[in-house]
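Printed here is work_4.pdb (PDB, C-alpha atoms):
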ATOM      1  CA  MET A   1      22.979  18.749  10.183
ATOM      2  CA  SER A   2      22.432  19.062  13.930
ATOM      3  CA  ARG A   3      19.914  16.845  15.670
ATOM      4  CA  GLU A   4      17.571  19.799  16.220
ATOM      5  CA  GLN A   5      17.794  20.806  12.566
ATOM      6  CA  GLU A   6      17.159  17.255  11.321
ATOM      7  CA  PHE A   7      14.032  16.944  13.451
ATOM      8  CA  ALA A   8      12.915  20.435  12.463
ATOM      9  CA  SER A   9      13.236  19.611   8.775
ATOM     10  CA  LYS A  10      11.206  16.400   9.087
ATOM     11  CA  LEU A  11       8.529  18.145  11.148
ATOM     12  CA  ARG A  12       8.128  20.958   8.604
ATOM     13  CA  THR A  13       7.958  18.428   5.774
ATOM     14  CA  TRP A  14       5.142  16.481   7.404
ATOM     15  CA  ARG A  15       3.185  19.615   8.265
ATOM     16  CA  HIS A  16       3.441  20.787   4.655
ATOM     17  CA  ARG A  17       2.333  17.341   3.432
ATOM     18  CA  ARG A  18      -0.806  17.673   5.512
ATOM     19  CA  GLY A  19      -1.388  21.185   4.182
ATOM     20  CA  TRP A  20      -1.624  22.682   7.676
ATOM     21  CA  SER A  21      -0.442  26.036   8.933
ATOM     22  CA  GLN A  22       1.652  26.263  12.084
ATOM     23  CA  LEU A  23      -1.386  27.646  13.878
ATOM     24  CA  GLU A  24      -3.535  24.679  12.817
ATOM     25  CA  LEU A  25      -0.989  22.061  13.865
ATOM     26  CA  ALA A  26      -0.354  23.827  17.163
ATOM     27  CA  GLY A  27      -4.088  23.912  17.865
ATOM     28  CA  ARG A  28      -4.563  20.259  17.027
ATOM     29  CA  ALA A  29      -1.567  19.240  19.158
ATOM     30  CA  GLU A  30      -2.637  21.580  21.994
ATOM     31  CA  ILE A  31       0.680  23.399  22.158
ATOM     32  CA  SER A  32       1.540  27.060  21.605
ATOM     33  CA  GLN A  33       2.330  28.256  18.103
ATOM     34  CA  ARG A  34       5.480  29.873  19.508
ATOM     35  CA  HIS A  35       6.757  26.527  20.793
ATOM     36  CA  LEU A  36       5.968  24.824  17.467
ATOM     37  CA  SER A  37       7.762  27.619  15.622
ATOM     38  CA  PHE A  38      10.879  27.119  17.784
ATOM     39  CA  LEU A  39      10.756  23.362  17.077
ATOM     40  CA  GLU A  40      10.463  23.915  13.323
ATOM     41  CA  LEU A  41      13.357  26.376  13.367
ATOM     42  CA  GLY A  42      15.568  24.019  15.354
ATOM     43  CA  ARG A  43      15.773  26.507  18.217
ATOM     44  CA  SER A  44      14.223  24.076  20.709
ATOM     45  CA  ALA A  45      14.793  20.345  21.197
ATOM     46  CA  PRO A  46      11.605  18.308  21.631
ATOM     47  CA  SER A  47      10.982  15.877  24.446
ATOM     48  CA  ARG A  48      10.146  12.292  23.569
ATOM     49  CA  ASP A  49       6.506  12.873  24.530
ATOM     50  CA  MET A  50       6.385  15.940  22.276
ATOM     51  CA  VAL A  51       7.706  13.954  19.302
ATOM     52  CA  LEU A  52       5.026  11.324  19.818
ATOM     53  CA  ARG A  53       2.316  13.942  20.289
ATOM     54  CA  LEU A  54       3.201  15.687  17.038
ATOM     55  CA  ALA A  55       3.580  12.414  15.125
ATOM     56  CA  THR A  56       0.169  11.232  16.328
ATOM     57  CA  THR A  57      -1.452  14.570  15.521
ATOM     58  CA  LEU A  58       0.010  14.516  12.013
ATOM     59  CA  ASP A  59      -1.177  10.895  11.593
ATOM     60  CA  ILE A  60       2.285   9.791  10.526
ATOM     61  CA  PRO A  61       2.815   6.060   9.794
ATOM     62  CA  LEU A  62       4.563   4.068  12.524
ATOM     63  CA  ARG A  63       7.721   3.722  10.432
ATOM     64  CA  GLN A  64       7.951   7.508  10.247
ATOM     65  CA  HIS A  65       7.175   7.797  13.984
ATOM     66  CA  ASN A  66      10.446   5.969  14.483
ATOM     67  CA  ALA A  67      12.254   8.215  11.998
ATOM     68  CA  LEU A  68      11.105  11.319  13.889
ATOM     69  CA  LEU A  69      12.178   9.818  17.212
ATOM     70  CA  ILE A  70      15.617   8.934  15.851
ATOM     71  CA  ALA A  71      16.018  12.405  14.334
ATOM     72  CA  ALA A  72      15.276  13.905  17.765
ATOM     73  CA  GLY A  73      17.823  11.629  19.446
ATOM     74  CA  PHE A  74      15.488   9.016  20.922
ATOM     75  CA  ALA A  75      15.258   5.269  20.471
ATOM     76  CA  PRO A  76      12.572   4.026  18.062
ATOM     77  CA  LEU A  77       9.320   2.904  19.658
ATOM     78  CA  TRP A  78       7.657   0.679  17.061
ATOM     79  CA  ARG A  79       9.061  -2.684  16.019
ATOM     80  CA  GLU A  80       9.015  -4.228  12.538
ATOM     81  CA  THR A  81       8.450  -7.957  12.856
ATOM     82  CA  ASN A  82       8.753 -10.562  10.124
ATOM     83  CA  LEU A  83       5.288 -11.821   9.215
ATOM     84  CA  ASP A  84       6.401 -15.412   9.916
ATOM     85  CA  ALA A  85       7.637 -14.569  13.430
ATOM     86  CA  PRO A  86       5.827 -16.007  16.502
ATOM     87  CA  GLU A  87       4.822 -12.497  17.579
ATOM     88  CA  LEU A  88       2.515 -12.179  14.558
ATOM     89  CA  ALA A  89       0.851 -15.584  14.909
ATOM     90  CA  GLU A  90      -2.568 -13.981  15.461
ATOM     91  CA  VAL A  91      -2.147 -11.871  12.335
ATOM     92  CA  ARG A  92      -1.267 -14.931  10.261
ATOM     93  CA  GLU A  93      -4.279 -16.752  11.683
ATOM     94  CA  ALA A  94      -6.545 -13.862  10.695
ATOM     95  CA  ILE A  95      -5.085 -13.903   7.176
ATOM     96  CA  GLY A  96      -5.750 -17.636   7.046
ATOM     97  CA  TYR A  97      -9.414 -17.103   7.959
ATOM     98  CA  ILE A  98      -9.798 -14.489   5.225
ATOM     99  CA  PHE A  99      -8.057 -16.678   2.659
ATOM    100  CA  ALA A 100     -10.207 -19.703   3.503
ATOM    101  CA  GLN A 101     -13.404 -17.669   3.402
ATOM    102  CA  GLN A 102     -12.426 -16.226   0.023
ATOM    103  CA  GLU A 103     -11.971 -19.616  -1.676
ATOM    104  CA  PRO A 104     -12.381 -20.550  -4.467
ATOM    105  CA  PHE A 105     -11.717 -16.926  -5.412
ATOM    106  CA  PRO A 106      -8.266 -15.309  -5.172
ATOM    107  CA  ALA A 107      -6.816 -13.445  -2.191
ATOM    108  CA  VAL A 108      -3.277 -12.194  -1.561
ATOM    109  CA  ALA A 109      -1.397 -10.477   1.250
ATOM    110  CA  VAL A 110       1.160  -7.840   0.232
ATOM    111  CA  ASP A 111       3.361  -5.293   1.956
ATOM    112  CA  ARG A 112       3.388  -1.524   1.445
ATOM    113  CA  HIS A 113       5.272  -1.885  -1.832
ATOM    114  CA  TRP A 114       3.133  -4.706  -3.252
ATOM    115  CA  ASN A 115       5.625  -7.482  -2.594
ATOM    116  CA  LEU A 116       3.658 -10.723  -2.347
ATOM    117  CA  LEU A 117       3.769 -12.232   1.143
ATOM    118  CA  LYS A 118       1.061 -14.893   1.036
ATOM    119  CA  ALA A 119      -1.595 -16.156  -1.378
ATOM    120  CA  ASN A 120      -4.533 -18.523  -1.192
ATOM    121  CA  GLY A 121      -5.256 -21.382  -3.571
ATOM    122  CA  GLY A 122      -7.537 -19.251  -5.718
ATOM    123  CA  ALA A 123      -4.743 -16.761  -6.373
ATOM    124  CA  VAL A 124      -2.280 -19.548  -7.215
ATOM    125  CA  ARG A 125      -4.728 -21.076  -9.686
ATOM    126  CA  LEU A 126      -5.355 -17.712 -11.379
ATOM    127  CA  VAL A 127      -1.629 -17.014 -11.766
ATOM    128  CA  GLU A 128      -0.945 -20.508 -13.067
ATOM    129  CA  PHE A 129      -3.710 -20.138 -15.637
ATOM    130  CA  LEU A 130      -2.438 -16.777 -16.887
ATOM    131  CA  VAL A 131       1.349 -17.111 -16.760
ATOM    132  CA  GLY A 132       2.106 -20.672 -15.677
ATOM    133  CA  PRO A 133       3.411 -22.048 -12.363
ATOM    134  CA  LEU A 134       6.085 -20.160 -10.459
ATOM    135  CA  ALA A 135       9.130 -21.820  -8.936
ATOM    136  CA  PRO A 136       8.934 -22.140  -5.138
ATOM    137  CA  GLY A 137      10.387 -19.099  -3.413
ATOM    138  CA  THR A 138      10.049 -16.838  -6.448
ATOM    139  CA  ALA A 139       9.854 -13.196  -5.355
ATOM    140  CA  VAL A 140       6.752 -11.550  -6.812
ATOM    141  CA  ASN A 141       5.925  -7.856  -6.871
ATOM    142  CA  LEU A 142       2.308  -7.411  -7.891
ATOM    143  CA  ALA A 143       2.834  -3.780  -8.943
ATOM    144  CA  ASP A 144       5.495  -4.787 -11.460
ATOM    145  CA  ALA A 145       3.404  -7.769 -12.568
ATOM    146  CA  LEU A 146       0.425  -5.498 -13.262
ATOM    147  CA  VAL A 147       2.183  -2.504 -14.819
ATOM    148  CA  GLY A 148       5.085  -4.165 -16.634
ATOM    149  CA  PRO A 149       4.808  -5.365 -20.230
ATOM    150  CA  ASN A 150       5.221  -9.119 -20.034
ATOM    151  CA  VAL A 151       3.243 -10.579 -17.118
ATOM    152  CA  LEU A 152      -0.419  -9.593 -16.782
ATOM    153  CA  ARG A 153      -0.649  -6.924 -19.473
ATOM    154  CA  PRO A 154      -1.037  -9.353 -22.420
ATOM    155  CA  TYR A 155      -4.141 -10.836 -20.768
ATOM    156  CA  LEU A 156      -5.710  -7.726 -19.195
ATOM    157  CA  LEU A 157      -8.035  -6.254 -21.808
ATOM    158  CA  ASN A 158      -8.569  -2.972 -19.946
ATOM    159  CA  TRP A 159      -4.948  -2.670 -18.825
ATOM    160  CA  ALA A 160      -4.721   1.102 -19.361
ATOM    161  CA  GLU A 161      -7.788   1.889 -17.236
ATOM    162  CA  VAL A 162      -6.777  -0.455 -14.421
ATOM    163  CA  VAL A 163      -3.169   0.768 -14.332
ATOM    164  CA  ARG A 164      -4.263   4.420 -14.387
ATOM    165  CA  TYR A 165      -6.249   3.885 -11.182
ATOM    166  CA  PHE A 166      -3.472   1.812  -9.640
ATOM    167  CA  LEU A 167      -0.835   4.481 -10.310
ATOM    168  CA  ARG A 168      -2.980   7.039  -8.521
ATOM    169  CA  SER A 169      -2.994   4.811  -5.451
ATOM    170  CA  VAL A 170       0.807   4.491  -5.563
ATOM    171  CA  GLU A 171       1.088   8.266  -5.935
ATOM    172  CA  ALA A 172      -1.101   8.662  -2.851
ATOM    173  CA  ASP A 173       1.098   6.191  -0.953
ATOM    174  CA  ALA A 174       4.229   8.114  -1.898
ATOM    175  CA  ALA A 175       2.683  11.369  -0.684
ATOM    176  CA  ALA A 176       1.398   9.784   2.524
ATOM    177  CA  ASP A 177       4.448   7.904   3.786
ATOM    178  CA  GLY A 178       7.273  10.079   2.462
ATOM    179  CA  ARG A 179       9.600   7.102   2.005
ATOM    180  CA  PRO A 180      12.271   7.041  -0.711
ATOM    181  CA  GLU A 181      11.363   3.402  -1.372
ATOM    182  CA  THR A 182       7.764   4.312  -2.246
ATOM    183  CA  ALA A 183       8.888   7.156  -4.484
ATOM    184  CA  ALA A 184      11.341   4.751  -6.163
ATOM    185  CA  LEU A 185       8.520   2.243  -6.735
ATOM    186  CA  LEU A 186       6.432   4.922  -8.427
ATOM    187  CA  GLU A 187       9.323   5.970 -10.670
ATOM    188  CA  ARG A 188      10.048   2.357 -11.570
ATOM    189  CA  LEU A 189       6.436   1.794 -12.597
ATOM    190  CA  LEU A 190       6.400   5.016 -14.622
ATOM    191  CA  SER A 191       9.521   3.895 -16.485
ATOM    192  CA  TYR A 192       7.660   1.025 -18.179
ATOM    193  CA  ASP A 193       6.566   1.546 -21.770
ATOM    194  CA  ASP A 194       3.384   3.612 -22.267
ATOM    195  CA  VAL A 195       2.847   4.084 -18.539
ATOM    196  CA  ARG A 196       3.750   7.728 -17.878
ATOM    197  CA  GLU A 197       1.186   8.779 -20.474
ATOM    198  CA  LEU A 198      -1.543   7.249 -18.329
ATOM    199  CA  LEU A 199      -1.152   9.995 -15.706
ATOM    200  CA  LYS A 200      -2.209  12.674 -18.147
ATOM    201  CA  PRO A 201      -5.794  13.916 -17.703
ATOM    202  CA  ALA A 202      -8.267  11.516 -19.260
ATOM    203  CA  GLY A 203     -12.025  11.134 -19.517
ATOM    204  CA  THR A 204     -14.295  10.618 -16.535
ATOM    205  CA  GLY A 205     -14.506   6.858 -17.027
ATOM    206  CA  ASN A 206     -17.571   4.698 -17.484
ATOM    207  CA  ALA A 207     -20.467   6.086 -15.457
ATOM    208  CA  ALA A 208     -22.548   3.017 -16.297
ATOM    209  CA  ILE A 209     -20.551   0.743 -13.939
ATOM    210  CA  ALA A 210     -20.109   1.045 -10.199
ATOM    211  CA  VAL A 211     -16.635  -0.537 -10.015
ATOM    212  CA  LEU A 212     -13.876  -0.801 -12.602
ATOM    213  CA  PRO A 213     -13.329  -4.524 -13.296
ATOM    214  CA  MET A 214     -10.138  -6.333 -14.128
ATOM    215  CA  HIS A 215     -11.102  -7.989 -17.429
ATOM    216  CA  PHE A 216      -8.783 -10.879 -18.262
ATOM    217  CA  ARG A 217      -8.915 -13.032 -21.379
ATOM    218  CA  LYS A 218      -6.727 -15.978 -22.327
ATOM    219  CA  ASP A 219      -7.650 -18.250 -25.200
ATOM    220  CA  GLU A 220     -11.421 -18.779 -24.875
ATOM    221  CA  VAL A 221     -11.626 -17.991 -21.150
ATOM    222  CA  ALA A 222     -12.783 -14.527 -20.041
ATOM    223  CA  LEU A 223     -12.669 -13.417 -16.400
ATOM    224  CA  LYS A 224     -14.098 -10.255 -14.860
ATOM    225  CA  LEU A 225     -13.004  -9.486 -11.311
ATOM    226  CA  LEU A 226     -13.406  -6.668  -8.820
ATOM    227  CA  THR A 227     -11.091  -6.260  -5.848
ATOM    228  CA  THR A 228     -11.276  -5.089  -2.262
ATOM    229  CA  ILE A 229      -8.328  -4.162  -0.045
ATOM    230  CA  ALA A 230      -8.381  -4.699   3.734
ATOM    231  CA  THR A 231      -5.937  -3.494   6.369
ATOM    232  CA  LEU A 232      -5.542  -4.361  10.043
ATOM    233  CA  GLY A 233      -7.232  -2.153  12.613
ATOM    234  CA  SER A 234      -5.179  -0.470  15.362
ATOM    235  CA  PRO A 235      -1.783  -1.897  14.341
ATOM    236  CA  GLN A 236       1.039  -1.729  16.884
ATOM    237  CA  ASP A 237       3.737  -3.095  14.596
ATOM    238  CA  ILE A 238       5.120  -1.640  11.360
ATOM    239  CA  THR A 239       4.633  -4.887   9.438
ATOM    240  CA  ALA A 240       1.043  -5.129  10.635
ATOM    241  CA  GLN A 241       0.317  -1.519   9.674
ATOM    242  CA  GLU A 242       1.743  -1.890   6.183
ATOM    243  CA  LEU A 243       0.020  -5.222   5.457
ATOM    244  CA  ARG A 244      -2.719  -5.237   2.809
ATOM    245  CA  ILE A 245      -5.047  -8.105   1.982
ATOM    246  CA  GLU A 246      -6.530  -7.908  -1.498
ATOM    247  CA  SER A 247      -9.507 -10.128  -2.330
ATOM    248  CA  PHE A 248     -10.812 -10.752  -5.850
ATOM    249  CA  PHE A 249     -14.512 -11.346  -6.550
ATOM    250  CA  PRO A 250     -16.226 -12.537  -9.734
ATOM    251  CA  MET A 251     -18.362  -9.952 -11.515
ATOM    252  CA  ASP A 252     -20.393 -12.467 -13.481
ATOM    253  CA  ARG A 253     -21.569 -16.058 -13.236
ATOM    254  CA  ASP A 254     -19.188 -17.324 -15.900
ATOM    255  CA  THR A 255     -16.156 -16.090 -13.955
ATOM    256  CA  ALA A 256     -17.467 -17.655 -10.757
ATOM    257  CA  ALA A 257     -18.103 -20.957 -12.542
ATOM    258  CA  VAL A 258     -14.585 -21.066 -14.035
ATOM    259  CA  MET A 259     -12.950 -20.516 -10.640
ATOM    260  CA  ARG A 260     -15.157 -23.067  -8.914
ATOM    261  CA  ASN A 261     -14.257 -25.603 -11.610
ATOM    262  CA  TRP A 262     -10.548 -24.864 -11.147
ATOM    263  CA  ALA A 263     -10.902 -25.477  -7.414
ATOM    264  CA  ALA A 264     -12.803 -28.715  -7.958
ATOM    265  CA  GLY A 265     -10.149 -29.906 -10.381
ATOM    266  CA  SER A 266      -7.314 -29.123  -7.974
ATOM    267  CA  ARG A 267      -9.003 -31.120  -5.227
TER
END
Would you mind writing the file out in structure tokens?
Amino acid sequence: MSREQEFASKLRTWRHRRGWSQLELAGRAEISQRHLSFLELGRSAPSRDMVLRLATTLDIPLRQHNALLIAAGFAPLWRETNLDAPELAEVREAIGYIFAQQEPFPAVAVDRHWNLLKANGGAVRLVEFLVGPLAPGTAVNLADALVGPNVLRPYLLNWAEVVRYFLRSVEADAAADGRPETAALLERLLSYDDVRELLKPAGTGNAAIAVLPMHFRKDEVALKLLTTIATLGSPQDITAQELRIESFFPMDRDTAAVMRNWAAGSR
């Protein structure tokens, strides 16, 4: 495939993902529809500025900005820095503030594919209570831990409801970023027992509650938690853009008391 054709194919794919006509994209990008048509047919080669203009207009993730630039024959613009690198010291400090503020309740930082990057003490205590301590350096994928059969599922009383909502979020990620890795994650999760059935149309849920809880039970201890997910504003690095910080909050006094007692015991 020629360079022009490779760029043209990626550009058409992203426009179709957004559900826009050529006329709509051209209007939003403030270029002529004729020029956009030539770009999508591979009859014209884009300038670097044009690639960036179209990528920004289409609201493409930074990783895919780079893919478009490379397809058009230009060097990538956005870097992907390891979270432990000196360049992301401010990001790590911000995560530390969030983690400290969240104690004694759990908080975790994950990447786009739910690989665990960092966790606070509350998250460590919750995991140790449910499944036991993990060996240092153990790689953890929270999507697999949630959806798979042998980690959290035995203790999550409303596993089907929680996983159904989670799968929808992974589906949305796969549609939004267009990466083979995200599509592969979704297929891996759907391959677990009883999971694919969860995507079939179901009821409307429980209208009596505002937020679906995660309802854990082990032995005589019951925990009800709701979660929030935060992302960094105005990221200029791929790692920073794909970072997610998930915080867990107690939904009743008993859950809060258990987690405060765990924290007091660990001190």
Name the residues that the PyMOL selection byres ((chain A and resi 255) around 12) picks from the file above, as a ChimeraX atom specification, using the file's chain letters and numbers. /A:104-106,126,213-217,221-226,248-254,256-262
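Going from atom CA of Thr239 of chain A to atom CA of Glu80 of chain A covers 5.4 Å.
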Evaluate the PyMOL selection byres ((chain A and resi 96) around 12) and record the selected residues as a PyMOL selection string, following the chain and residue labels used in the document. chain A and resi 89-95+97-103+107-109+118-121+245
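If you look at atom CA of Ile70 of chain A and atom CA of Leu41 of chain A, they are 17.8 Å away from each other.
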Compile the contact shell of Leu54 of chain A as JSON, numbers by chain: residues with an atom at most 10 Å away, counting only C-alpha atoms, same-chain residues fewer than 3 positions apart removed. {"A": [11, 14, 15, 25, 26, 28, 29, 30, 31, 36, 46, 49, 50, 51, 57, 58, 59, 60, 65, 68]}
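What the PyMOL selection byres ((chain A and resi 165) around 12) grabs from this file is A:Leu146, A:Val147, A:Asn158, A:Trp159, A:Ala160, A:Glu161, A:Val162, A:Val163, A:Arg164, A:Phe166, A:Leu167, A:Arg168, A:Ser169, A:Val170, A:Glu171, A:Ala172, A:Val195, A:Leu198, A:Leu199, A:Lys200, A:Pro201, A:Ala202, A:Thr204, A:Gly205, A:Val211, A:Leu212, A:Pro213, A:Met214.
Compared by their closest atoms to Thr81 of chain A, and using only C-alpha atoms, the residues A:Ala175, A:Ala263, A:Leu243, A:Leu157 rank with A:Leu243 nearest.
Counting from atom CA of Gly178 of chain A, the distance to atom CA of Ala240 of chain A is 18.4 Å.
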(12.4, 23.6, 18.8) in this file's frame - what residues fall within 12 Å of it? Use only C-alpha atoms and give the answer as a ChimeraX atom specification. /A:3-9,11-12,32-47,50-51,72
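Residue nearest Arg179 of chain A within the list A:Gln64, A:Thr56, A:Asn141, A:Gln22: A:Gln64 [criterion: smallest interatomic distance, all atoms listed in the file].
Across A:Glu242, A:Asn82, A:Leu77, A:Pro180, the tightest approach to Ala230 of chain A is made by A:Glu242 when counting only C-alpha atoms.
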Could you list as an MDAnalysis selection string every residue that has an atom within 8 Å of (8.1, -3.8, -16.2), using the file's coordinates and counting all atoms listed in the file? chainID A and resid 144:145 147:150 188:189 191:193
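Across A:Arg53, A:Arg63, A:His113, A:Arg153, the tightest approach to Val131 of chain A is made by A:Arg153 when counting only C-alpha atoms.
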Shortest interatomic distance to Lys218 of chain A - which of A:Ala176, A:Phe129, A:Ser266, A:Arg244, counting only C-alpha atoms: A:Phe129
Please, what is the axis-aligned box for every listed atom of segment 171-185 of chain A with 5 Å on each side, as centre and edge lengths in Å to one decimal, as lines of an AutoDock Vina configuration file?
center_x = 5.6
center_y = 6.8
center_z = -1.5
size_x = 23.4
size_y = 19.1
size_z = 20.5
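The closest residue to Ala67 of chain A, picked from A:Ala85, A:Arg112, A:Val151, A:Asp177 and counting only C-alpha atoms, is A:Asp177.
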File contents for segment 218-239 of chain A with N, CA, C and O atoms as an mmCIF file, in the first residue's frame:
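The result, written out as selection.cif:
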data_model
loop_
_atom_site.group_PDB
_atom_site.id
_atom_site.type_symbol
_atom_site.label_atom_id
_atom_site.label_comp_id
_atom_site.auth_asym_id
_atom_site.auth_seq_id
_atom_site.Cartn_x
_atom_site.Cartn_y
_atom_site.Cartn_z
ATOM 1 N N LYS A 218 -17.163 -12.117 51.719
ATOM 2 C CA LYS A 218 -16.254 -13.227 52.021
ATOM 3 C C LYS A 218 -16.439 -13.574 53.490
ATOM 4 O O LYS A 218 -16.307 -12.701 54.358
ATOM 5 N N ASP A 219 -16.728 -14.831 53.738
ATOM 6 C CA ASP A 219 -17.029 -15.278 55.097
ATOM 7 C C ASP A 219 -18.175 -14.428 55.645
ATOM 8 O O ASP A 219 -19.222 -14.344 55.024
ATOM 9 N N GLU A 220 -17.960 -13.749 56.767
ATOM 10 C CA GLU A 220 -19.028 -12.944 57.369
ATOM 11 C C GLU A 220 -18.914 -11.465 57.034
ATOM 12 O O GLU A 220 -19.678 -10.651 57.546
ATOM 13 N N VAL A 221 -17.959 -11.105 56.185
ATOM 14 C CA VAL A 221 -17.722 -9.693 55.867
ATOM 15 C C VAL A 221 -18.377 -9.347 54.536
ATOM 16 O O VAL A 221 -18.115 -9.991 53.516
ATOM 17 N N ALA A 222 -19.223 -8.324 54.543
ATOM 18 C CA ALA A 222 -19.869 -7.820 53.327
ATOM 19 C C ALA A 222 -19.383 -6.399 53.066
ATOM 20 O O ALA A 222 -19.283 -5.577 53.992
ATOM 21 N N LEU A 223 -19.072 -6.105 51.818
ATOM 22 C CA LEU A 223 -18.579 -4.787 51.420
ATOM 23 C C LEU A 223 -19.367 -4.302 50.219
ATOM 24 O O LEU A 223 -19.531 -5.036 49.241
ATOM 25 N N LYS A 224 -19.845 -3.057 50.294
ATOM 26 C CA LYS A 224 -20.516 -2.435 49.155
ATOM 27 C C LYS A 224 -19.736 -1.179 48.777
ATOM 28 O O LYS A 224 -19.568 -0.278 49.592
ATOM 29 N N LEU A 225 -19.299 -1.141 47.510
ATOM 30 C CA LEU A 225 -18.441 -0.057 47.052
ATOM 31 C C LEU A 225 -18.960 0.518 45.743
ATOM 32 O O LEU A 225 -19.453 -0.211 44.887
ATOM 33 N N LEU A 226 -18.836 1.839 45.604
ATOM 34 C CA LEU A 226 -19.032 2.471 44.303
ATOM 35 C C LEU A 226 -17.686 3.011 43.850
ATOM 36 O O LEU A 226 -16.777 3.211 44.658
ATOM 37 N N THR A 227 -17.539 3.216 42.551
ATOM 38 C CA THR A 227 -16.248 3.657 42.023
ATOM 39 C C THR A 227 -16.398 4.915 41.183
ATOM 40 O O THR A 227 -17.456 5.174 40.598
ATOM 41 N N THR A 228 -15.324 5.690 41.154
ATOM 42 C CA THR A 228 -15.215 6.818 40.232
ATOM 43 C C THR A 228 -13.921 6.642 39.443
ATOM 44 O O THR A 228 -12.966 6.035 39.945
ATOM 45 N N ILE A 229 -13.892 7.158 38.229
ATOM 46 C CA ILE A 229 -12.691 7.074 37.398
ATOM 47 C C ILE A 229 -12.296 8.486 36.971
ATOM 48 O O ILE A 229 -13.110 9.231 36.416
ATOM 49 N N ALA A 230 -11.034 8.846 37.248
ATOM 50 C CA ALA A 230 -10.512 10.166 36.892
ATOM 51 C C ALA A 230 -9.420 10.026 35.836
ATOM 52 O O ALA A 230 -8.690 9.026 35.805
ATOM 53 N N THR A 231 -9.338 11.019 34.968
ATOM 54 C CA THR A 231 -8.263 11.075 33.978
ATOM 55 C C THR A 231 -7.584 12.434 34.085
ATOM 56 O O THR A 231 -8.114 13.367 34.695
ATOM 57 N N LEU A 232 -6.398 12.551 33.494
ATOM 58 C CA LEU A 232 -5.657 13.800 33.543
ATOM 59 C C LEU A 232 -6.180 14.776 32.498
ATOM 60 O O LEU A 232 -6.482 14.390 31.368
ATOM 61 N N GLY A 233 -6.267 16.037 32.876
ATOM 62 C CA GLY A 233 -6.706 17.061 31.929
ATOM 63 C C GLY A 233 -5.567 17.519 31.032
ATOM 64 O O GLY A 233 -4.418 17.597 31.465
ATOM 65 N N SER A 234 -5.879 17.786 29.778
ATOM 66 C CA SER A 234 -4.925 18.324 28.793
ATOM 67 C C SER A 234 -3.618 17.551 28.719
ATOM 68 O O SER A 234 -2.530 18.130 28.809
ATOM 69 N N PRO A 235 -3.663 16.232 28.547
ATOM 70 C CA PRO A 235 -2.420 15.453 28.497
ATOM 71 C C PRO A 235 -1.619 15.770 27.237
ATOM 72 O O PRO A 235 -2.181 15.993 26.166
ATOM 73 N N GLN A 236 -0.295 15.764 27.386
ATOM 74 C CA GLN A 236 0.614 15.979 26.266
ATOM 75 C C GLN A 236 1.559 14.796 26.094
ATOM 76 O O GLN A 236 2.597 14.922 25.447
ATOM 77 N N ASP A 237 1.198 13.681 26.667
ATOM 78 C CA ASP A 237 1.989 12.461 26.602
ATOM 79 C C ASP A 237 1.002 11.301 26.514
ATOM 80 O O ASP A 237 -0.052 11.320 27.163
ATOM 81 N N ILE A 238 1.345 10.278 25.737
ATOM 82 C CA ILE A 238 0.434 9.152 25.536
ATOM 83 C C ILE A 238 0.140 8.442 26.859
ATOM 84 O O ILE A 238 -1.005 8.112 27.170
ATOM 85 N N THR A 239 1.182 8.208 27.658
ATOM 86 C CA THR A 239 0.975 7.551 28.945
ATOM 87 C C THR A 239 0.037 8.352 29.824
ATOM 88 O O THR A 239 -0.872 7.804 30.468
#
